[in-house]
>>> print(open('protein23.txt').read())   # compact mmCIF, C-alpha atoms
# COMPACT_ATOMS: atom_id res chain seq x y z
CA MET A 185 60.57 77.29 -127.83
CA ALA A 186 58.45 80.41 -128.11
CA ASP A 187 58.19 82.77 -125.16
CA ARG A 188 55.59 85.49 -124.61
CA LEU A 189 57.50 88.03 -126.67
CA ASP A 190 57.72 85.62 -129.61
CA LEU A 191 53.99 84.94 -129.36
CA LEU A 192 53.22 88.66 -129.18
CA LEU A 193 55.38 89.42 -132.22
CA SER A 194 53.72 86.56 -134.10
CA ASP A 195 50.24 87.88 -133.21
CA TYR A 196 51.24 91.37 -134.28
CA MET A 197 52.80 90.34 -137.60
CA THR A 198 49.89 88.08 -138.59
CA GLY A 199 47.21 90.60 -137.58
CA MET A 200 45.92 88.45 -134.74
CA LEU A 201 46.61 91.17 -132.17
CA GLN A 202 44.21 93.51 -133.97
CA VAL A 203 41.63 90.70 -134.13
CA LYS A 204 41.96 90.25 -130.34
CA ILE A 205 41.49 94.00 -129.82
CA ASN A 206 38.40 94.12 -132.04
CA SER A 207 36.96 91.00 -130.41
CA ARG A 208 37.51 92.41 -126.92
CA GLU A 209 35.86 95.71 -127.89
CA ARG A 210 32.82 93.91 -129.27
CA TRP A 211 32.56 91.64 -126.23
CA ILE A 212 32.69 94.38 -123.60
CA THR A 213 30.38 96.78 -125.47
CA ARG A 214 27.72 94.24 -126.42
CA GLU A 215 24.16 95.08 -125.53
CA LYS A 216 22.99 93.27 -122.44
CA HIS A 217 19.27 92.75 -122.45
CA GLU A 218 18.15 92.88 -118.88
CA GLU A 219 14.52 92.79 -118.00
CA ARG A 220 13.47 95.55 -115.65
CA ILE A 221 10.37 94.86 -113.67
CA GLY A 222 8.83 97.76 -111.84
CA SER A 223 10.81 100.81 -110.89
CA GLY A 224 13.54 98.90 -109.08
CA GLY A 225 15.96 99.08 -112.03
CA SER A 226 17.95 102.22 -112.53
CA SER A 227 17.94 103.75 -115.96
CA SER A 228 21.09 104.90 -117.63
CA ASN A 229 21.11 108.49 -118.77
CA THR A 230 24.26 108.18 -120.88
CA ALA A 231 24.28 108.10 -124.65
CA PRO A 232 25.32 104.80 -126.25
CA GLN A 233 28.50 106.34 -127.67
CA GLU A 234 29.49 107.70 -124.28
CA ARG A 235 28.63 104.40 -122.61
CA ASN A 236 30.85 102.50 -125.09
CA TYR A 237 33.70 104.97 -124.58
CA LEU A 238 33.51 104.68 -120.79
CA ILE A 239 33.41 100.88 -120.94
CA LYS A 240 36.43 100.75 -123.28
CA GLU A 241 38.43 103.14 -121.13
CA ALA A 242 37.70 101.16 -117.95
CA ASP A 243 38.68 97.74 -119.39
CA LYS A 244 42.24 96.84 -118.34
CA GLU A 245 42.64 93.95 -120.79
CA LEU A 246 41.68 96.14 -123.75
CA GLY A 247 44.05 98.84 -122.53
CA ARG A 248 46.91 96.32 -122.29
CA LEU A 249 46.24 95.03 -125.82
CA ASN A 250 46.08 98.56 -127.21
CA ASP A 251 49.32 99.49 -125.42
CA GLN A 252 51.06 96.46 -126.89
CA LYS A 253 49.86 97.26 -130.40
CA GLN A 254 50.82 100.93 -130.15
CA THR A 255 54.27 100.05 -128.82
CA LEU A 256 54.84 97.53 -131.62
CA ASP A 257 53.62 100.03 -134.24
CA GLU A 258 56.12 102.58 -132.98
CA LEU A 259 58.87 99.97 -132.72
CA MET A 260 58.36 98.86 -136.32
CA GLU A 261 58.71 102.49 -137.43
CA VAL A 262 61.97 102.82 -135.47
CA ILE A 263 63.57 99.67 -136.93
CA HIS A 264 62.36 100.46 -140.46
CA GLY A 265 64.94 99.46 -143.07
CA THR A 266 67.10 97.34 -140.75
CA LYS A 267 68.01 93.67 -140.99
CA VAL A 268 66.23 93.02 -137.70
CA LYS A 269 62.91 94.12 -139.17
CA GLU A 270 63.45 91.87 -142.17
CA ILE A 271 64.27 88.99 -139.81
CA VAL A 272 61.14 89.60 -137.70
CA ILE A 273 58.92 89.81 -140.79
CA ALA A 274 60.38 86.67 -142.35
CA ARG A 275 60.21 84.70 -139.12
CA PHE A 276 56.78 85.72 -137.86
CA LYS A 277 54.76 86.97 -140.82
CA TYR A 278 55.87 84.34 -143.31
CA ARG A 279 56.64 81.70 -140.62
CA LEU A 280 59.93 80.68 -142.20
CA SER A 281 62.49 78.43 -140.54
CA TRP A 282 65.68 80.07 -139.31
CA TYR A 283 67.55 78.56 -142.25
CA LYS A 284 65.13 80.19 -144.74
CA VAL A 285 65.16 83.45 -142.75
CA GLY A 286 68.94 83.54 -143.18
CA GLN A 287 68.61 82.94 -146.91
CA ARG A 288 65.95 85.62 -147.28
CA VAL A 289 67.98 88.35 -145.53
CA PHE A 290 71.34 87.17 -146.95
CA LEU A 291 72.82 86.24 -143.58
CA ASP A 292 73.99 83.04 -142.01
CA GLU A 293 71.30 81.30 -139.95
CA ASP A 294 73.28 81.74 -136.72
CA VAL A 295 73.89 85.44 -137.38
CA ALA A 296 70.16 86.00 -137.98
CA ARG A 297 69.36 84.25 -134.69
CA GLN A 298 71.98 86.29 -132.83
CA GLN A 299 70.60 89.56 -134.20
CA TYR A 300 67.08 88.51 -133.23
CA ARG A 301 68.21 87.51 -129.71
CA ALA A 302 69.97 90.86 -129.28
CA PHE A 303 66.79 92.61 -130.43
CA LYS A 304 64.71 90.65 -127.89
CA LYS A 305 67.18 91.37 -125.11
CA THR A 306 66.96 95.09 -125.87
CA LEU A 307 63.16 94.91 -125.79
CA ARG A 308 63.07 92.99 -122.53
CA ASP A 309 65.63 95.13 -120.74
CA GLY A 310 64.08 98.49 -121.50
CA LEU A 311 60.78 98.51 -123.24
CA TRP A 312 58.70 95.53 -122.17
CA ARG A 313 58.97 95.23 -118.41
CA ASP A 314 55.35 96.23 -117.76
CA THR A 315 53.82 95.59 -121.18
CA LEU A 316 54.29 91.82 -121.26
CA ASP A 317 52.75 91.06 -117.86
>>> encode(input="protein23.txt", output="structure tokens")
Amino acid sequence: MADRLDLLLSDYMTGMLQVKINSRERWITREKHEERIGSGGSSSNTAPQERNYLIKEADKELGRLNDQKQTLDELMEVIHGTKVKEIVIARFKYRLSWYKVGQRVFLDEDVARQQYRAFKKTLRDGLWRDTLD
């Protein structure tokens, strides 16, 4: 059964995390057409670029998604060239079964699962305490 870390890795490897970030940016910076009658409405004196920047910086959900993506980018650079990276790519990018993951990385299925579990435990214990919530 997939937990939140599995789902996050799957979103990252398939590009869905970037789609969520782009979608969130478009949603929060969309133009809202509000009708102003009389002088009761206050006008905004900020430039559209500055307005978009301020909105993006203030949005907590967008910040959380960006933090997750940045952390995963850095993590993938750190584990570059290891069996764990090959296991993660085979499992989540190509959506292979554990048996086929083992064949692809030239390991037994159980060994591949053990290495992946150890990788997840390391992530949970140190890196992901605040990022997953």
>>> closest_residue(input="protein23.txt", among="A:Glu293, A:Asp195, A:Glu241, A:Asp187", to="Thr213 (chain A)", atoms="only C-alpha atoms")
A:Glu241
>>> residues_around(input="protein23.txt", residues="Glu209 (chain A)", least_positions_apart="3", cutoff="8 Å", atoms="all atoms listed in the file", output="ChimeraX atom specification")
/A:205-206,212-213,240,246
>>> axis_aligned_box(input="protein23.txt", around="region 268-279 of chain A", padding_each_side="8 Å", output="JSON")
{"center_x": 60.5, "center_y": 87.9, "center_z": -140.5, "size_x": 27.5, "size_y": 28.4, "size_z": 21.6}
>>> closest_residue(input="protein23.txt", among="A:Lys267, A:Lys253, A:Lys277, A:Arg214", to="Met197 (chain A)", atoms="only C-alpha atoms")
A:Lys277
>>> atom_distance(input="protein23.txt", atom1="CA of Gly247 (chain A)", atom2="CA of Gln202 (chain A)")
12.6 Å
>>> closest_residue(input="protein23.txt", among="A:Asp190, A:Glu245, A:Glu261, A:Glu234", to="Ser207 (chain A)", atoms="all atoms listed in the file")
A:Glu245
>>> residues_around(input="protein23.txt", residues="Gln299 (chain A)", least_positions_apart="4", cutoff="9 Å", atoms="only C-alpha atoms", output="list of chain:residue names")
A:Lys267, A:Val268, A:Ile271, A:Asp294, A:Val295, A:Phe303, A:Lys304
>>> closest_residue(input="protein23.txt", among="A:Ala186, A:Glu215, A:Leu307, A:Leu291", to="Leu256 (chain A)", atoms="all atoms listed in the file")
A:Leu307
>>> closest_residue(input="protein23.txt", among="A:Tyr300, A:Thr255, A:Val203, A:Leu189", to="Ile273 (chain A)", atoms="only C-alpha atoms")
A:Tyr300
>>> atom_distance(input="protein23.txt", atom1="CA of Lys204 (chain A)", atom2="CA of Leu238 (chain A)")
19.3 Å
>>> residues_around(input="protein23.txt", residues="Lys269 (chain A)", least_positions_apart="5", cutoff="8 Å", atoms="only C-alpha atoms", output="ChimeraX atom specification")
/A:260,263-264
>>> closest_residue(input="protein23.txt", among="A:Ile239, A:Arg248, A:Tyr283, A:Leu192", to="Trp211 (chain A)", atoms="all atoms listed in the file")
A:Ile239
>>> atom_distance(input="protein23.txt", atom1="CA of Val262 (chain A)", atom2="CA of Lys244 (chain A)")
26.8 Å
>>> decode(input="protein23.txt", residues="region 221-313 of chain A", atoms="C-alpha atoms", output="JSON list (two decimals), in the first residue's frame")
[["chain", "number", "residue", "atom", "x", "y", "z"],
["A", 221, "ILE", "CA", -18.83, 51.03, -8.41],
["A", 222, "GLY", "CA", -18.08, 54.52, -7.23],
["A", 223, "SER", "CA", -15.01, 55.35, -5.23],
["A", 224, "GLY", "CA", -15.62, 52.72, -2.56],
["A", 225, "GLY", "CA", -13.13, 50.25, -4.08],
["A", 226, "SER", "CA", -9.48, 50.70, -3.37],
["A", 227, "SER", "CA", -7.13, 50.68, -6.30],
["A", 228, "SER", "CA", -3.95, 48.68, -6.28],
["A", 229, "ASN", "CA", -0.80, 50.62, -6.97],
["A", 230, "THR", "CA", 1.40, 47.57, -7.47],
["A", 231, "ALA", "CA", 2.67, 46.39, -10.82],
["A", 232, "PRO", "CA", 1.27, 43.06, -12.06],
["A", 233, "GLN", "CA", 4.67, 41.37, -11.76],
["A", 234, "GLU", "CA", 5.07, 42.55, -8.19],
["A", 235, "ARG", "CA", 1.51, 41.54, -7.37],
["A", 236, "ASN", "CA", 2.12, 38.02, -8.74],
["A", 237, "TYR", "CA", 5.38, 37.73, -6.80],
["A", 238, "LEU", "CA", 3.74, 38.80, -3.54],
["A", 239, "ILE", "CA", 0.84, 36.39, -4.04],
["A", 240, "LYS", "CA", 3.19, 33.47, -4.78],
["A", 241, "GLU", "CA", 5.36, 34.23, -1.77],
["A", 242, "ALA", "CA", 2.35, 34.41, 0.57],
["A", 243, "ASP", "CA", 0.77, 31.10, -0.56],
["A", 244, "LYS", "CA", 1.66, 28.32, 1.89],
["A", 245, "GLU", "CA", 0.52, 25.45, -0.36],
["A", 246, "LEU", "CA", 2.70, 26.66, -3.23],
["A", 247, "GLY", "CA", 5.62, 27.07, -0.86],
["A", 248, "ARG", "CA", 5.18, 23.51, 0.42],
["A", 249, "LEU", "CA", 5.05, 22.10, -3.12],
["A", 250, "ASN", "CA", 8.14, 24.07, -4.14],
["A", 251, "ASP", "CA", 9.99, 22.90, -1.01],
["A", 252, "GLN", "CA", 9.13, 19.28, -1.80],
["A", 253, "LYS", "CA", 10.31, 19.61, -5.39],
["A", 254, "GLN", "CA", 13.55, 21.36, -4.43],
["A", 255, "THR", "CA", 14.29, 18.74, -1.78],
["A", 256, "LEU", "CA", 13.65, 15.89, -4.22],
["A", 257, "ASP", "CA", 15.81, 17.59, -6.89],
["A", 258, "GLU", "CA", 18.68, 17.82, -4.43],
["A", 259, "LEU", "CA", 18.09, 14.27, -3.19],
["A", 260, "MET", "CA", 18.22, 12.86, -6.72],
["A", 261, "GLU", "CA", 21.56, 14.60, -7.23],
["A", 262, "VAL", "CA", 22.91, 13.08, -4.01],
["A", 263, "ILE", "CA", 21.88, 9.50, -4.86],
["A", 264, "HIS", "CA", 23.05, 9.82, -8.47],
["A", 265, "GLY", "CA", 24.61, 6.58, -9.72],
["A", 266, "THR", "CA", 23.35, 4.38, -6.87],
["A", 267, "LYS", "CA", 21.12, 1.31, -6.99],
["A", 268, "VAL", "CA", 18.52, 3.13, -4.91],
["A", 269, "LYS", "CA", 18.07, 5.75, -7.61],
["A", 270, "GLU", "CA", 17.68, 3.04, -10.23],
["A", 271, "ILE", "CA", 15.10, 1.32, -8.01],
["A", 272, "VAL", "CA", 13.14, 4.55, -7.48],
["A", 273, "ILE", "CA", 13.16, 5.35, -11.21],
["A", 274, "ALA", "CA", 12.10, 1.84, -12.22],
["A", 275, "ARG", "CA", 9.38, 1.66, -9.58],
["A", 276, "PHE", "CA", 7.86, 5.12, -9.91],
["A", 277, "LYS", "CA", 8.74, 6.47, -13.34],
["A", 278, "TYR", "CA", 8.19, 3.26, -15.28],
["A", 279, "ARG", "CA", 5.67, 1.82, -12.77],
["A", 280, "LEU", "CA", 7.23, -1.64, -12.79],
["A", 281, "SER", "CA", 6.33, -4.40, -10.36],
["A", 282, "TRP", "CA", 8.89, -5.25, -7.69],
["A", 283, "TYR", "CA", 9.78, -8.41, -9.60],
["A", 284, "LYS", "CA", 10.57, -6.39, -12.76],
["A", 285, "VAL", "CA", 12.39, -3.73, -10.70],
["A", 286, "GLY", "CA", 14.66, -6.49, -9.38],
["A", 287, "GLN", "CA", 15.32, -7.74, -12.90],
["A", 288, "ARG", "CA", 16.04, -4.25, -14.19],
["A", 289, "VAL", "CA", 18.62, -3.42, -11.49],
["A", 290, "PHE", "CA", 20.05, -6.97, -11.35],
["A", 291, "LEU", "CA", 18.98, -7.62, -7.77],
["A", 292, "ASP", "CA", 16.62, -10.03, -6.11],
["A", 293, "GLU", "CA", 13.12, -8.64, -5.64],
["A", 294, "ASP", "CA", 13.41, -8.80, -1.85],
["A", 295, "VAL", "CA", 16.80, -7.06, -1.84],
["A", 296, "ALA", "CA", 15.39, -4.23, -4.00],
["A", 297, "ARG", "CA", 12.49, -3.81, -1.58],
["A", 298, "GLN", "CA", 14.82, -3.82, 1.43],
["A", 299, "GLN", "CA", 17.04, -1.14, -0.13],
["A", 300, "TYR", "CA", 13.99, 0.97, -0.93],
["A", 301, "ARG", "CA", 12.62, 0.56, 2.62],
["A", 302, "ALA", "CA", 15.98, 1.58, 4.07],
["A", 303, "PHE", "CA", 15.99, 4.62, 1.77],
["A", 304, "LYS", "CA", 12.48, 5.59, 2.93],
["A", 305, "LYS", "CA", 13.40, 5.12, 6.58],
["A", 306, "THR", "CA", 16.39, 7.44, 6.12],
["A", 307, "LEU", "CA", 14.16, 10.04, 4.48],
["A", 308, "ARG", "CA", 11.51, 9.84, 7.17],
["A", 309, "ASP", "CA", 13.92, 9.93, 10.09],
["A", 310, "GLY", "CA", 15.90, 12.95, 9.01],
["A", 311, "LEU", "CA", 14.73, 14.79, 5.98],
["A", 312, "TRP", "CA", 10.95, 14.67, 5.74],
["A", 313, "ARG", "CA", 9.56, 15.41, 9.19]]
